[in-house]
file upload_31.csv (CSV, C-alpha atoms and all ligand atoms)
chain,number,residue,atom,x,y,z
A,273,MET,CA,148.3,64.1,94.9
A,274,ILE,CA,145.7,63.5,97.6
A,275,PRO,CA,143.0,66.3,98.0
A,276,ALA,CA,142.9,68.4,101.1
A,277,PRO,CA,140.4,67.1,103.7
A,278,PHE,CA,136.7,67.9,103.0
A,279,GLU,CA,133.2,67.0,104.2
A,280,TYR,CA,130.8,65.3,101.8
A,281,GLU,CA,127.0,65.5,101.6
A,282,ARG,CA,124.7,63.9,99.1
A,283,ALA,CA,121.8,66.2,98.1
A,284,THR,CA,118.3,64.7,97.7
A,285,SER,CA,116.8,67.6,95.9
A,286,VAL,CA,117.7,71.1,94.5
A,287,ALA,CA,116.2,72.7,97.7
A,288,HIS,CA,118.3,70.3,99.9
A,289,ALA,CA,121.4,71.2,97.8
A,290,LEU,CA,120.7,74.9,98.3
A,291,GLU,CA,120.3,74.4,102.0
A,292,LEU,CA,123.6,72.5,102.3
A,293,MET,CA,125.4,75.1,100.2
A,294,ALA,CA,124.1,77.9,102.5
A,295,GLN,CA,125.3,75.9,105.5
A,296,GLY,CA,128.7,75.3,103.9
A,297,GLY,CA,129.4,78.9,103.2
A,298,GLU,CA,131.8,80.3,100.5
A,299,ASP,CA,134.1,77.2,100.7
A,300,ALA,CA,131.3,74.7,99.8
A,301,ARG,CA,131.3,73.4,96.2
A,302,LEU,CA,128.8,71.5,94.2
A,303,LEU,CA,129.9,68.2,92.7
A,304,ALA,CA,128.3,67.1,89.4
A,305,GLY,CA,130.3,64.7,87.2
A,306,GLY,CA,133.5,65.6,89.0
A,307,HIS,CA,135.6,65.6,85.8
A,308,SER,CA,136.8,69.2,86.3
A,309,LEU,CA,136.5,69.7,90.1
A,310,LEU,CA,138.2,66.4,91.2
A,311,PRO,CA,141.4,66.9,89.1
A,312,LEU,CA,141.7,70.5,90.6
A,313,MET,CA,141.2,69.1,94.1
A,314,ARG,CA,143.9,66.4,93.5
A,315,LEU,CA,146.3,69.2,92.5
A,316,ARG,CA,145.1,71.2,95.6
A,317,LEU,CA,144.2,74.1,93.2
A,318,ALA,CA,140.7,73.7,94.7
A,319,ARG,CA,140.3,73.1,98.5
A,320,PRO,CA,136.6,73.0,99.2
A,321,THR,CA,135.7,72.3,102.8
A,322,LEU,CA,132.3,70.8,101.8
A,323,LEU,CA,131.3,68.9,98.7
A,324,VAL,CA,127.6,68.9,98.0
A,325,ASP,CA,127.0,66.0,95.5
A,326,ILE,CA,124.1,66.7,93.2
A,327,GLY,CA,125.0,63.8,90.9
A,328,GLY,CA,122.0,61.8,92.1
A,329,LEU,CA,119.4,64.4,91.2
A,330,ASP,CA,117.8,62.6,88.3
A,331,ASP,CA,115.2,65.3,87.8
A,332,LEU,CA,118.0,67.5,86.5
A,333,LYS,CA,118.7,65.0,83.7
A,334,TYR,CA,116.4,65.7,80.8
A,335,VAL,CA,115.9,67.1,77.3
A,336,SER,CA,112.5,68.6,76.7
A,337,GLY,CA,111.3,70.7,73.7
A,338,ASN,CA,108.2,72.7,72.8
A,339,GLY,CA,109.0,73.5,69.2
A,340,ASP,CA,110.5,77.0,69.8
A,341,ALA,CA,113.0,76.1,72.4
A,342,ILE,CA,114.7,73.1,74.0
A,343,GLU,CA,115.4,72.9,77.7
A,344,ILE,CA,118.2,70.7,78.9
A,345,GLY,CA,118.6,69.7,82.6
A,346,ALA,CA,122.0,70.7,84.1
A,347,LEU,CA,123.0,67.1,85.0
A,348,THR,CA,122.5,65.8,81.4
A,349,THR,CA,125.8,64.2,80.4
A,350,HIS,CA,127.8,65.0,77.3
A,351,HIS,CA,127.1,61.5,76.1
A,352,GLU,CA,123.3,61.9,76.6
A,353,ILE,CA,123.4,65.2,74.6
A,354,ALA,CA,125.5,63.6,71.8
A,355,ASP,CA,123.2,60.6,71.7
A,356,SER,CA,119.9,62.6,71.8
A,357,HIS,CA,117.7,62.2,68.7
A,358,GLU,CA,115.6,65.2,69.7
A,359,LEU,CA,118.6,67.4,70.1
A,360,GLY,CA,120.1,66.0,66.9
A,361,GLU,CA,117.0,67.1,65.0
A,362,ALA,CA,116.5,70.5,66.7
A,363,CYS,CA,120.0,71.6,67.7
A,364,PRO,CA,122.6,69.7,65.7
A,365,LEU,CA,125.3,72.1,66.8
A,366,LEU,CA,124.9,70.8,70.4
A,367,THR,CA,125.1,67.1,69.5
A,368,THR,CA,128.1,67.5,67.2
A,369,THR,CA,129.9,69.6,69.9
A,370,ALA,CA,129.2,67.2,72.8
A,371,ALA,CA,130.4,64.3,70.7
A,372,GLN,CA,133.9,65.9,70.4
A,373,ILE,CA,134.4,66.4,74.2
A,374,GLY,CA,137.3,64.3,75.7
A,375,ASP,CA,136.9,60.6,75.5
A,376,PRO,CA,133.9,58.2,76.2
A,377,GLN,CA,134.6,58.2,80.0
A,378,VAL,CA,134.6,62.0,80.2
A,379,ARG,CA,131.4,62.1,78.1
A,380,HIS,CA,129.6,59.6,80.3
A,381,ARG,CA,130.4,61.4,83.6
A,382,GLY,CA,130.8,65.1,82.6
A,383,THR,CA,127.6,67.2,82.6
A,384,ILE,CA,126.5,70.2,80.6
A,385,GLY,CA,125.8,72.2,83.8
A,386,GLY,CA,129.3,71.4,85.1
A,387,SER,CA,130.9,72.4,81.9
A,388,VAL,CA,129.0,75.8,81.8
A,389,ALA,CA,129.6,76.5,85.6
A,390,HIS,CA,133.3,75.7,85.3
A,391,ALA,CA,133.7,78.4,82.6
A,392,ASP,CA,136.9,77.1,81.2
A,393,PRO,CA,137.7,79.1,78.1
A,394,ALA,CA,138.9,75.9,76.4
A,395,SER,CA,135.6,74.0,77.0
A,396,ASP,CA,133.5,73.2,73.9
A,397,LEU,CA,129.8,73.4,75.0
A,398,PRO,CA,130.0,77.0,76.3
A,399,THR,CA,131.0,78.2,72.9
A,400,ALA,CA,128.2,76.3,71.1
A,401,LEU,CA,125.7,77.7,73.7
A,402,LEU,CA,127.0,81.2,73.2
A,403,ALA,CA,126.5,80.9,69.4
A,404,MET,CA,123.0,79.6,70.0
A,405,ASP,CA,122.0,82.5,72.3
A,406,ALA,CA,121.2,80.1,75.1
A,407,GLU,CA,119.9,81.1,78.5
A,408,PHE,CA,121.0,79.6,81.8
A,409,VAL,CA,118.5,79.1,84.6
A,410,ILE,CA,119.9,79.6,88.0
A,411,GLU,CA,118.3,78.7,91.4
A,412,ALA,CA,119.2,80.4,94.6
A,413,VAL,CA,117.6,80.3,98.1
A,414,GLY,CA,115.6,83.5,97.3
A,415,GLY,CA,114.3,82.3,93.9
A,416,SER,CA,115.4,81.7,90.3
A,417,ARG,CA,116.7,83.9,87.5
A,418,SER,CA,117.8,83.4,83.9
A,419,VAL,CA,121.1,84.8,82.5
A,420,ALA,CA,121.9,85.0,78.7
A,421,ALA,CA,125.0,83.2,77.7
A,422,ALA,CA,126.4,86.5,76.4
A,423,ASP,CA,126.3,87.8,80.0
A,424,PHE,CA,127.2,84.7,81.9
A,425,PHE,CA,130.9,84.2,81.1
A,426,GLU,CA,132.9,86.9,82.9
A,427,GLY,CA,136.5,85.6,82.6
A,428,PRO,CA,138.6,82.5,82.8
A,429,PHE,CA,136.8,80.2,85.3
A,430,MET,CA,134.6,83.1,86.3
A,431,SER,CA,130.8,83.4,85.7
A,432,ALA,CA,127.7,85.1,86.8
A,433,LEU,CA,127.0,82.3,89.3
A,434,GLY,CA,127.1,83.5,92.9
A,435,ASP,CA,128.1,81.6,96.0
A,436,GLY,CA,125.6,78.8,96.7
A,437,GLU,CA,123.7,79.2,93.5
A,438,ILE,CA,122.8,76.2,91.3
A,439,LEU,CA,122.6,76.1,87.5
A,440,THR,CA,119.5,73.9,87.0
A,441,SER,CA,118.9,74.1,83.2
A,442,ILE,CA,119.9,75.5,79.9
A,443,ARG,CA,117.3,76.9,77.4
A,444,VAL,CA,118.3,76.9,73.7
A,445,PRO,CA,116.2,78.6,71.0
A,446,VAL,CA,115.4,76.3,68.0
A,447,SER,CA,116.4,78.3,65.0
A,448,GLY,CA,116.3,75.8,62.1
A,449,ALA,CA,119.8,76.8,61.2
A,450,SER,CA,122.5,74.2,60.5
A,451,GLY,CA,125.2,73.7,63.1
A,452,VAL,CA,128.8,72.5,62.9
A,453,TYR,CA,131.6,72.4,65.6
A,454,ARG,CA,135.2,72.2,64.3
A,455,LYS,CA,137.9,71.6,66.8
A,456,PHE,CA,141.7,71.6,66.4
A,457,ASN,CA,143.7,69.6,69.0
A,458,ARG,CA,146.9,67.6,68.8
A,459,ARG,CA,145.4,64.3,70.2
A,460,ALA,CA,141.9,63.1,69.6
A,461,GLN,CA,140.7,63.4,73.2
A,462,ASP,CA,142.4,66.7,74.1
A,463,TRP,CA,140.8,70.1,74.8
A,464,ALA,CA,140.6,72.5,71.8
A,465,ILE,CA,143.7,74.5,71.0
A,466,VAL,CA,141.0,76.4,69.0
A,467,GLY,CA,137.4,75.5,68.4
A,468,VAL,CA,134.7,77.1,66.2
A,469,ALA,CA,130.9,76.7,66.5
A,470,ALA,CA,129.1,77.8,63.4
A,471,LEU,CA,125.3,78.2,63.3
A,472,ILE,CA,124.4,79.0,59.7
A,473,GLY,CA,121.0,79.7,58.1
A,474,THR,CA,120.7,79.5,54.3
A,475,ASP,CA,118.2,80.8,51.7
A,476,GLY,CA,118.5,79.8,48.1
A,477,GLY,CA,122.1,78.6,48.5
A,478,ALA,CA,123.3,81.9,50.1
A,479,ILE,CA,123.9,82.5,53.8
A,480,SER,CA,120.9,84.3,55.4
A,481,SER,CA,122.1,84.2,59.1
A,482,ALA,CA,125.4,83.4,60.8
A,483,ALA,CA,126.5,83.0,64.4
A,484,ILE,CA,130.2,82.1,65.0
A,485,GLY,CA,131.5,81.1,68.4
A,486,LEU,CA,135.2,80.7,69.3
A,487,THR,CA,136.8,78.4,71.9
A,488,ASN,CA,140.1,79.2,73.6
A,489,MET,CA,140.6,82.5,71.7
A,490,GLY,CA,140.2,84.7,74.8
A,491,GLY,CA,139.4,84.4,78.5
A,492,THR,CA,135.8,83.5,77.7
A,493,PRO,CA,134.0,82.0,74.8
A,494,LEU,CA,133.7,84.7,72.1
A,495,ARG,CA,131.5,85.7,69.1
A,496,ALA,CA,133.3,86.6,65.9
A,497,GLU,CA,130.9,89.4,65.1
A,498,ALA,CA,132.8,90.9,62.1
A,499,VAL,CA,132.8,87.4,60.5
A,500,GLU,CA,129.1,86.9,61.2
A,501,ALA,CA,128.2,90.2,59.4
A,502,SER,CA,130.5,89.5,56.5
A,503,LEU,CA,129.0,86.0,55.9
A,504,VAL,CA,125.4,87.2,55.3
A,505,GLY,CA,124.6,87.0,51.6
A,506,VAL,CA,127.7,84.9,50.8
A,507,SER,CA,127.6,81.7,48.8
A,508,GLY,CA,131.0,81.0,47.3
A,509,ALA,CA,134.1,79.5,48.9
A,510,ASP,CA,136.3,82.6,48.1
A,511,GLU,CA,133.8,84.9,49.8
A,512,VAL,CA,133.6,82.6,52.8
A,513,ALA,CA,137.4,82.6,53.1
A,514,ALA,CA,137.5,86.4,53.0
A,515,ALA,CA,134.8,86.7,55.7
A,516,ALA,CA,136.6,84.1,57.8
A,517,ALA,CA,139.8,86.1,57.7
A,518,GLN,CA,137.9,88.9,59.5
A,519,VAL,CA,138.3,86.9,62.7
A,520,ALA,CA,141.3,89.1,63.4
A,521,ASP,CA,138.8,91.7,64.4
A,522,ILE,CA,138.5,90.1,67.8
A,523,GLY,CA,142.1,91.3,68.6
A,524,MET,CA,145.1,89.2,69.6
A,525,PRO,CA,144.2,85.9,71.3
A,526,PRO,CA,146.4,84.5,74.0
A,527,GLY,CA,149.6,82.6,73.1
A,528,ASP,CA,150.9,79.7,75.1
A,529,GLU,CA,153.1,76.5,74.8
A,530,GLN,CA,150.4,75.0,72.5
A,531,ALA,CA,150.0,77.8,70.0
A,532,SER,CA,151.2,81.4,69.5
A,533,ALA,CA,148.6,84.1,69.2
A,534,GLU,CA,149.2,84.4,65.4
A,535,TYR,CA,148.8,80.6,64.9
A,536,ARG,CA,145.6,80.7,66.9
A,537,LEU,CA,144.2,83.4,64.6
A,538,HIS,CA,145.3,81.4,61.6
A,539,LEU,CA,143.6,78.2,63.0
A,540,ALA,CA,140.4,80.1,63.8
A,541,SER,CA,140.1,81.5,60.2
A,542,VAL,CA,140.8,78.0,58.7
A,543,LEU,CA,138.2,76.3,61.1
A,544,ILE,CA,135.6,78.9,60.3
A,545,ARG,CA,136.1,78.4,56.6
A,546,ARG,CA,135.8,74.6,57.0
A,547,ALA,CA,132.8,74.8,59.3
A,548,VAL,CA,130.8,77.1,57.0
A,549,GLY,CA,131.9,75.1,54.0
A,550,ASP,CA,130.5,72.0,55.7
A,551,VAL,CA,127.1,73.7,55.8
A,552,LEU,CA,127.2,75.0,52.3
A,553,THR,CA,128.2,71.7,50.6
B,1,LIG,C1,140.6,63.9,80.7
B,1,LIG,C2,139.6,65.0,80.5
B,1,LIG,C3,139.4,65.5,79.2
B,1,LIG,C4,138.5,66.5,79.0
B,1,LIG,N1,138.3,67.0,77.8
B,1,LIG,C5,137.4,68.0,77.6
B,1,LIG,C6,137.2,68.5,76.3
B,1,LIG,O1,137.8,68.1,75.3
B,1,LIG,N2,136.3,69.5,76.1
B,1,LIG,C7,135.6,70.0,77.2
B,1,LIG,O2,134.8,70.9,77.0
B,1,LIG,N3,135.7,69.5,78.4
B,1,LIG,C8,136.6,68.5,78.6
B,1,LIG,N4,136.8,68.0,79.9
B,1,LIG,C9,136.0,68.6,81.0
B,1,LIG,C10,134.7,67.8,81.1
B,1,LIG,O3,133.8,68.2,80.1
B,1,LIG,C11,134.0,68.2,82.5
B,1,LIG,O4,133.1,67.1,82.7
B,1,LIG,C12,133.2,69.4,82.5
B,1,LIG,O5,134.0,70.6,82.2
B,1,LIG,C13,132.7,69.7,84.0
B,1,LIG,O6,131.5,68.9,84.2
B,1,LIG,P1,131.3,68.1,85.5
B,1,LIG,O7,129.9,67.6,85.5
B,1,LIG,O8,132.4,67.0,85.5
B,1,LIG,O9,131.5,69.2,86.6
B,1,LIG,P2,132.3,69.1,88.0
B,1,LIG,O10,133.7,68.7,87.8
B,1,LIG,O11,131.5,68.3,89.0
B,1,LIG,O12,132.1,70.6,88.4
B,1,LIG,C14,132.9,71.6,87.8
B,1,LIG,C15,132.6,73.0,88.5
B,1,LIG,O13,131.3,73.4,88.2
B,1,LIG,C16,130.5,73.5,89.5
B,1,LIG,N5,129.2,72.9,89.1
B,1,LIG,C17,128.9,71.7,88.6
B,1,LIG,N6,127.6,71.6,88.3
B,1,LIG,C18,127.0,72.8,88.7
B,1,LIG,C19,125.7,73.3,88.7
B,1,LIG,N7,124.7,72.5,88.2
B,1,LIG,N8,125.5,74.5,89.2
B,1,LIG,C20,126.5,75.3,89.6
B,1,LIG,N9,127.8,74.9,89.7
B,1,LIG,C21,128.0,73.6,89.2
B,1,LIG,C22,131.3,72.7,90.5
B,1,LIG,O14,131.1,73.2,91.8
B,1,LIG,C23,132.7,72.9,90.0
B,1,LIG,O15,133.2,74.2,90.5
B,1,LIG,C24,137.7,67.0,80.1
B,1,LIG,C25,137.9,66.5,81.4
B,1,LIG,C26,138.8,65.5,81.6
B,1,LIG,C27,139.0,64.9,83.0
call {"tool": "encode", "arguments": {"input": "upload_31.csv", "output": "structure tokens"}}
result
Amino acid sequence: MIPAPFEYERATSVAHALELMAQGGEDARLLAGGHSLLPLMRLRLARPTLLVDIGGLDDLKYVSGNGDAIEIGALTTHHEIADSHELGEACPLLTTTAAQIGDPQVRHRGTIGGSVAHADPASDLPTALLAMDAEFVIEAVGGSRSVAAADFFEGPFMSALGDGEILTSIRVPVSGASGVYRKFNRRAQDWAIVGVAALIGTDGGAISSAAIGLTNMGGTPLRAEAVEASLVGVSGADEVAAAAAQVADIGMPPGDEQASAEYRLHLASVLIRRAVGDVLT
């Protein structure tokens, strides 16, 4: 289908984009990689009256670390994240997650900021960022603020971003823990039916810290807190499996044509077991 009519403006800076968004009002939308927004516009599920294209803002494309944390510009593409040596060393959970998004075309156009702002519960990077306790830096006309990932995602396609605000960067603490993202889908380039982000610290062969994020198990990315608590101190495969089964503690996930709620719970427990097993072996 053809999108509804809209105006188009190309922003030359973050300040210019904020100004254009303020002028456009509540029906203005930012355009980054366009790989979520344009399909919605073609289906007329989104009908912005003004598109503010921030895709040319090269100063929002970067990866920069100071040892304790890494900051990633919102326009950094999935491919650039997957390909980053610095991120691979400091935050392997992010690189392994980004490498599993869609296909090469999606990874070369889609951006981390667009993925976070879109807040699709089936998206991969938001789950990894939740497991890593990331912070999102948001610019508005009146100034900037920072929102923890745990407070950012409010429901399916709903977030703490207000009208006209721009997500400019993502800050990720560097923990030294090992990270693995395991995703189950029917075709290689599809969204996750269920995804699991595991960030696991070890000490003397046993798990000393665990953060487990879940994709597509609810209306937002979730943390499997009961699993996390049960994994600490564990070293053997049977104990990991017992801890993984506690994912049922999150309650019943949604069921749909891809998977029933019960099957999703089963998949999540298997993927947690495999992801943690990847770290321990
Ligand atoms: C065929 C296909 C397969 C895909 N497979 C996967 C997959 O397996 N896993 C996965 O996670 N994703 C997948 N995606 C989605 C892809 O990762 C998108 O690129 C991403 O979700 C959105 O990023 P974008 O830069 O394209 O954002 P856009 O489409 O440009 O924008 C998305 C939304 O975010 C807003 N926005 C964008 N940037 C900002 C910002 N900096 N500040 C505030 N608001 C902003 C826009 O206004 C819009 O509402 C797939 C997409 C396609 C088309």
call {"tool": "residues_around", "arguments": {"input": "upload_31.csv", "residues": "segment 352-359 of chain A", "least_positions_apart": "3", "cutoff": "12 Å", "atoms": "only C-alpha atoms", "output": "PyMOL selection string"}}
result
chain A and resi 333-339+341-349+362-373+376+378-385+397+444-446+448+451
call {"tool": "closest_residue", "arguments": {"input": "upload_31.csv", "among": "A:Ile522, A:Ser480, A:Leu309, A:Glu291", "to": "Ala412 of chain A", "atoms": "all atoms listed in the file"}}
result
A:Glu291
call {"tool": "residues_near_ligand", "arguments": {"input": "upload_31.csv", "ligand": "ligand LIG 1 (chain B)", "cutoff": "8 Å", "atoms": "all atoms listed in the file", "output": "PyMOL selection string"}}
result
chain A and resi 301-311+326+346-347+349-350+370+372-375+378-379+381-392+394-398+410+433+436-441+461-464
call {"tool": "atom_distance", "arguments": {"input": "upload_31.csv", "atom1": "atom CA of Ala540 of chain A", "atom2": "atom CA of Gly427 of chain A"}}
result
20.0 Å
call {"tool": "residues_near_point", "arguments": {"input": "upload_31.csv", "point": "(135.0, 70.2, 64.7)", "cutoff": "9 Å", "atoms": "all atoms listed in the file", "output": "CSV table (one decimal) with C-alpha atoms, keeping the file's coordinate frame"}}
result
chain,number,residue,atom,x,y,z
A,368,THR,CA,128.1,67.5,67.2
A,369,THR,CA,129.9,69.6,69.9
A,372,GLN,CA,133.9,65.9,70.4
A,452,VAL,CA,128.8,72.5,62.9
A,453,TYR,CA,131.6,72.4,65.6
A,454,ARG,CA,135.2,72.2,64.3
A,455,LYS,CA,137.9,71.6,66.8
A,456,PHE,CA,141.7,71.6,66.4
A,467,GLY,CA,137.4,75.5,68.4
A,468,VAL,CA,134.7,77.1,66.2
A,469,ALA,CA,130.9,76.7,66.5
A,543,LEU,CA,138.2,76.3,61.1
A,546,ARG,CA,135.8,74.6,57.0
A,547,ALA,CA,132.8,74.8,59.3
call {"tool": "atom_distance", "arguments": {"input": "upload_31.csv", "atom1": "atom CA of Asp521 of chain A", "atom2": "atom CA of Thr553 of chain A"}}
result
26.5 Å
call {"tool": "atom_distance", "arguments": {"input": "upload_31.csv", "atom1": "atom CA of Asn488 of chain A", "atom2": "atom CA of Val551 of chain A"}}
result
22.7 Å
call {"tool": "residues_around", "arguments": {"input": "upload_31.csv", "residues": "Asp405 of chain A", "least_positions_apart": "2", "cutoff": "9 Å", "atoms": "all atoms listed in the file", "output": "compact mmCIF listing (two decimals) with C-alpha atoms, in the frame of the given file"}}
result
# COMPACT_ATOMS: atom_id res chain seq x y z
CA ALA A 400 128.20 76.30 71.10
CA LEU A 401 125.70 77.70 73.70
CA LEU A 402 127.00 81.20 73.20
CA ALA A 403 126.50 80.90 69.40
CA GLU A 407 119.90 81.10 78.50
CA ALA A 420 121.90 85.00 78.70
CA ALA A 421 125.00 83.20 77.70
CA ALA A 422 126.40 86.50 76.40
CA ARG A 443 117.30 76.90 77.40
CA VAL A 444 118.30 76.90 73.70
CA PRO A 445 116.20 78.60 71.00
call {"tool": "build_atoms", "arguments": {"input": "upload_31.csv", "residues": "segment 513-531 of chain A", "atoms": "N, CA, C and O atoms", "output": "PDB file, keeping the file's coordinate frame"}}
result
ATOM      1  N   ALA A 513     136.015  82.473  52.631  1.00  0.00           N
ATOM      2  CA  ALA A 513     137.400  82.600  53.100  1.00  0.00           C
ATOM      3  C   ALA A 513     137.701  84.062  53.493  1.00  0.00           C
ATOM      4  O   ALA A 513     138.329  84.330  54.524  1.00  0.00           O
ATOM      5  N   ALA A 514     137.228  85.005  52.665  1.00  0.00           N
ATOM      6  CA  ALA A 514     137.500  86.400  53.000  1.00  0.00           C
ATOM      7  C   ALA A 514     136.771  86.835  54.249  1.00  0.00           C
ATOM      8  O   ALA A 514     137.326  87.566  55.081  1.00  0.00           O
ATOM      9  N   ALA A 515     135.542  86.337  54.419  1.00  0.00           N
ATOM     10  CA  ALA A 515     134.800  86.700  55.700  1.00  0.00           C
ATOM     11  C   ALA A 515     135.498  86.035  56.863  1.00  0.00           C
ATOM     12  O   ALA A 515     135.636  86.672  57.919  1.00  0.00           O
ATOM     13  N   ALA A 516     135.971  84.778  56.718  1.00  0.00           N
ATOM     14  CA  ALA A 516     136.600  84.100  57.800  1.00  0.00           C
ATOM     15  C   ALA A 516     137.860  84.814  58.308  1.00  0.00           C
ATOM     16  O   ALA A 516     138.168  84.851  59.509  1.00  0.00           O
ATOM     17  N   ALA A 517     138.578  85.432  57.368  1.00  0.00           N
ATOM     18  CA  ALA A 517     139.800  86.100  57.700  1.00  0.00           C
ATOM     19  C   ALA A 517     139.538  87.325  58.651  1.00  0.00           C
ATOM     20  O   ALA A 517     140.433  87.792  59.353  1.00  0.00           O
ATOM     21  N   GLN A 518     138.293  87.768  58.679  1.00  0.00           N
ATOM     22  CA  GLN A 518     137.900  88.900  59.500  1.00  0.00           C
ATOM     23  C   GLN A 518     137.888  88.532  61.016  1.00  0.00           C
ATOM     24  O   GLN A 518     137.591  89.372  61.874  1.00  0.00           O
ATOM     25  N   VAL A 519     138.207  87.276  61.328  1.00  0.00           N
ATOM     26  CA  VAL A 519     138.300  86.900  62.700  1.00  0.00           C
ATOM     27  C   VAL A 519     139.324  87.687  63.475  1.00  0.00           C
ATOM     28  O   VAL A 519     139.258  87.865  64.699  1.00  0.00           O
ATOM     29  N   ALA A 520     140.295  88.237  62.745  1.00  0.00           N
ATOM     30  CA  ALA A 520     141.300  89.100  63.400  1.00  0.00           C
ATOM     31  C   ALA A 520     140.723  90.273  64.086  1.00  0.00           C
ATOM     32  O   ALA A 520     141.352  90.874  64.961  1.00  0.00           O
ATOM     33  N   ASP A 521     139.475  90.605  63.734  1.00  0.00           N
ATOM     34  CA  ASP A 521     138.800  91.700  64.400  1.00  0.00           C
ATOM     35  C   ASP A 521     138.599  91.562  65.870  1.00  0.00           C
ATOM     36  O   ASP A 521     138.397  92.541  66.582  1.00  0.00           O
ATOM     37  N   ILE A 522     138.678  90.329  66.391  1.00  0.00           N
ATOM     38  CA  ILE A 522     138.500  90.100  67.800  1.00  0.00           C
ATOM     39  C   ILE A 522     139.721  90.623  68.629  1.00  0.00           C
ATOM     40  O   ILE A 522     139.694  90.687  69.851  1.00  0.00           O
ATOM     41  N   GLY A 523     140.828  90.909  67.940  1.00  0.00           N
ATOM     42  CA  GLY A 523     142.100  91.300  68.600  1.00  0.00           C
ATOM     43  C   GLY A 523     142.960  90.066  68.789  1.00  0.00           C
ATOM     44  O   GLY A 523     142.621  88.974  68.341  1.00  0.00           O
ATOM     45  N   MET A 524     144.112  90.261  69.445  1.00  0.00           N
ATOM     46  CA  MET A 524     145.100  89.200  69.600  1.00  0.00           C
ATOM     47  C   MET A 524     144.619  88.157  70.635  1.00  0.00           C
ATOM     48  O   MET A 524     144.381  88.538  71.776  1.00  0.00           O
ATOM     49  N   PRO A 525     144.497  86.871  70.275  1.00  0.00           N
ATOM     50  CA  PRO A 525     144.200  85.900  71.300  1.00  0.00           C
ATOM     51  C   PRO A 525     145.423  85.579  72.147  1.00  0.00           C
ATOM     52  O   PRO A 525     146.517  86.035  71.815  1.00  0.00           O
ATOM     53  N   PRO A 526     145.267  84.809  73.234  1.00  0.00           N
ATOM     54  CA  PRO A 526     146.400  84.500  74.000  1.00  0.00           C
ATOM     55  C   PRO A 526     147.371  83.527  73.302  1.00  0.00           C
ATOM     56  O   PRO A 526     146.916  82.728  72.480  1.00  0.00           O
ATOM     57  N   GLY A 527     148.655  83.618  73.575  1.00  0.00           N
ATOM     58  CA  GLY A 527     149.600  82.600  73.100  1.00  0.00           C
ATOM     59  C   GLY A 527     150.091  81.793  74.244  1.00  0.00           C
ATOM     60  O   GLY A 527     150.159  82.284  75.369  1.00  0.00           O
ATOM     61  N   ASP A 528     150.392  80.529  74.013  1.00  0.00           N
ATOM     62  CA  ASP A 528     150.900  79.700  75.100  1.00  0.00           C
ATOM     63  C   ASP A 528     151.787  78.591  74.474  1.00  0.00           C
ATOM     64  O   ASP A 528     152.121  78.651  73.286  1.00  0.00           O
ATOM     65  N   GLU A 529     152.140  77.562  75.264  1.00  0.00           N
ATOM     66  CA  GLU A 529     153.100  76.500  74.800  1.00  0.00           C
ATOM     67  C   GLU A 529     152.418  75.689  73.636  1.00  0.00           C
ATOM     68  O   GLU A 529     153.118  75.059  72.859  1.00  0.00           O
ATOM     69  N   GLN A 530     151.090  75.733  73.533  1.00  0.00           N
ATOM     70  CA  GLN A 530     150.400  75.000  72.500  1.00  0.00           C
ATOM     71  C   GLN A 530     150.358  75.699  71.157  1.00  0.00           C
ATOM     72  O   GLN A 530     150.407  75.092  70.096  1.00  0.00           O
ATOM     73  N   ALA A 531     150.213  77.015  71.227  1.00  0.00           N
ATOM     74  CA  ALA A 531     150.000  77.800  70.000  1.00  0.00           C
ATOM     75  C   ALA A 531     150.315  79.270  70.262  1.00  0.00           C
ATOM     76  O   ALA A 531     149.883  79.790  71.296  1.00  0.00           O
TER      77      ALA A 531
END
